[in-house]
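Participant: I'd like to ask you about the structure that follows.
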Amino acid sequence: MLNTFSQFLPSRIYASYDVETKAPLEAALETMAGEQSSGTFLALPGETPELKARYGARVERIDRTSESAAATVLSWPIENMGPSLPNLLSTVAGNLFELKQFSTLRLTGLHLPDEFRAAYPGPQFGVAGTRRLTGIANGPILGTIIKPSVGLSPRETAALVQQLVDGGIDFIKDDELQADGPHCPFAQRVEAVMAVINSHAERAGRKVMFAFNLTGEIDEMLRRHDIVEQAGGTCVMVSINSVGLSGVTYLRRHCRLPIHAHRNGWGLYSRSPHIGISYLAYQKLWRLAGVDQMHVNGLRNKFCESDASVLASARECMTPMFNGANRGCEVMPVFSSGQTVRQVQDTWNALSTADLIYAAGGGLMAHPAGVAAGVRAMRQAWQSAMEGVDLQTAASAHVELRQALEKYA
């Protein structure tokens with residue numbers, strides 16, 4: 001809805017919502033605006049007309065979708081909280097979800113004034129930096145995930161990484177469930193894995209990017225970041241919902257490597273159509289905090305998200321948030337979750353860009369001819385899609401792609 005709202009004032013925050021209520025709609029929305037700014041459930045002597053005019057939230061727009069439901073836009077003056085992401089979240093996605101007037105309340109969009117861009121670091125590497133560090137100038141960055149998620153020792157993890165780098169992979173990430181477990185200590189895993197990656201880089205002339213999961217307490221994350229950097233690593237990963245906006249912002253201010261943002265736990269905010277937060281609003285918070293790569297799920301994924309939602313999320317990650325040079329905060333979308341060669345053509349056709357990480361676990365490593373063949377099949381699928389060649393036609397010319405289509409039928 002914010003895409004069609006054209007009256008943004010420079011020092012106000014705007015948020016759009018889908019709401020449903022059995023109460024009179026306008027009255028319910030005024031209650032919502034009051035609850036999230038200067039008011040409470042009873043009028044107070046201190047809430048003067050002057051104070052309310054200056055600090056109160058405004059109901060800017062109401063588009064009814066039925067007698068009891070609407071899409072609406074609310075706005076707040078930035079001076080209510082200043083350019084602070086944690087306090088912004090309390091304002092646009094705080095107690096309002098608990099208001100008994102509403103049976104549906106979902107944050108769908110967010111527009112922020114320039115003060116936020118000045119206050120927060122934003123992405124340090126983004127698309128261009130990720131491409132530079134991986135040495136992949138064109139086409140998708142092909143990735144995979146360490147599986148089994150947990151249970152492998154540092155030596156066993158490194159042995160799997162050896163197969164993957166020898167097979168031609170561009171990007172590998174820890175599973176979000178493995179950070180610093182006693183069976184696979186972080187420092188030992190970094191040492192073992194980077195020995196493989198650095199050795200391969202000397203031979204191949206480019207370094208495979210490995211996103212090490214450093215999720216933990218803030219001091220642990222900073223220490224783990226430095227371990228990765230000192231070992232020659234080129235990426236760290238963090239479970240953003242677990243460490244929060246302040247944790248990610250603190251890490252970003254210390255960080256000298258790209259931050260791969262894993263959104264595990266996202267379903268808590270998104271799965272219900274009746275309550276929660278749209279990814280279109282959610283991802284802006286983390287982009288400002290400073291991540292460089294963000295998960296967006298994938299087409300025909302193993303989870304509950306629709307293809308339309310996945311594609312809208314990917315597009316939004318690449319859409320500038322602010323005006324002016326170097327102020328866009330664009331990040332690289334990461335496709336994952338049950339991806340194989342069969343989703344490639346639809347992904348390309350929908351986005352018309354390969355500025356993305358395309359991560360496949362079983363969809364790559366389970367190729368009947370092995371990991372290297374799985375990587376080649378994925379590249380063949382992407383190359384044919386970008387050249388406008390039908391997948392079946394391409395498969396007739398590439399045995400690895402043909403085998404993959406048969407495997408993932």
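Residues are named by chain letter and number: chains run A, B, ... in the order of the structure tokens, numbers start at 1 in each chain, and ligands are numbered from 1 in the order shown.
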For region 98-100 of chain A, find every residue with an atom within 8 Å (counting only C-alpha atoms), except residues of its own chain fewer than 3 positions away, and show them as a list in words.

Facilitator: Met32, Asn95 and Ser103 of chain A

Participant: As a PyMOL selection string, please: every residue in region 94-321 of chain A that DSSP puts in strand (DSSP E or B).

Facilitator: chain A and resi 102-111+141-145+171-173+209-213+236-239+259-262+275-277+293-297

Participant: Contacts of Ser66 (chain A) at 9 Å or less, counting only C-alpha atoms, minus same-chain residues fewer than 3 places along, as a PyMOL selection string?

Facilitator: chain A and resi 20+69-70

Participant: Determine which residues of region 158-376 of chain A receive a DSSP assignment of helix (DSSP H, G or I), computed from the backbone, and state them as a VMD selection string.

Facilitator: chain A and resid 158 to 166 186 to 204 218 to 230 240 to 254 267 to 270 279 to 289 307 to 317 341 to 351 362 to 365 371 to 376

Participant: Set the distance at 10 Å and use only C-alpha atoms: which residues neighbour Ile13 (chain A) once local chain neighbours fewer than 6 positions away are removed? I'd like the list as a ChimeraX atom specification.

Facilitator: /A:57,74-80,83,88,91-92,110-113

Participant: What's the separation between CA of Thr340 (chain A) and CA of Ala308 (chain A), in Å to one decimal place?

Facilitator: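 Value for the CA of Thr340 (chain A)-CA of Ala308 (chain A) distance: 18.2 Å.
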
Participant: Which residue gives the smallest distance to Leu222 (chain A) among A:Leu257, A:Val208, A:Met378, A:Leu25, with only C-alpha atoms counted?

Facilitator: A:Leu257
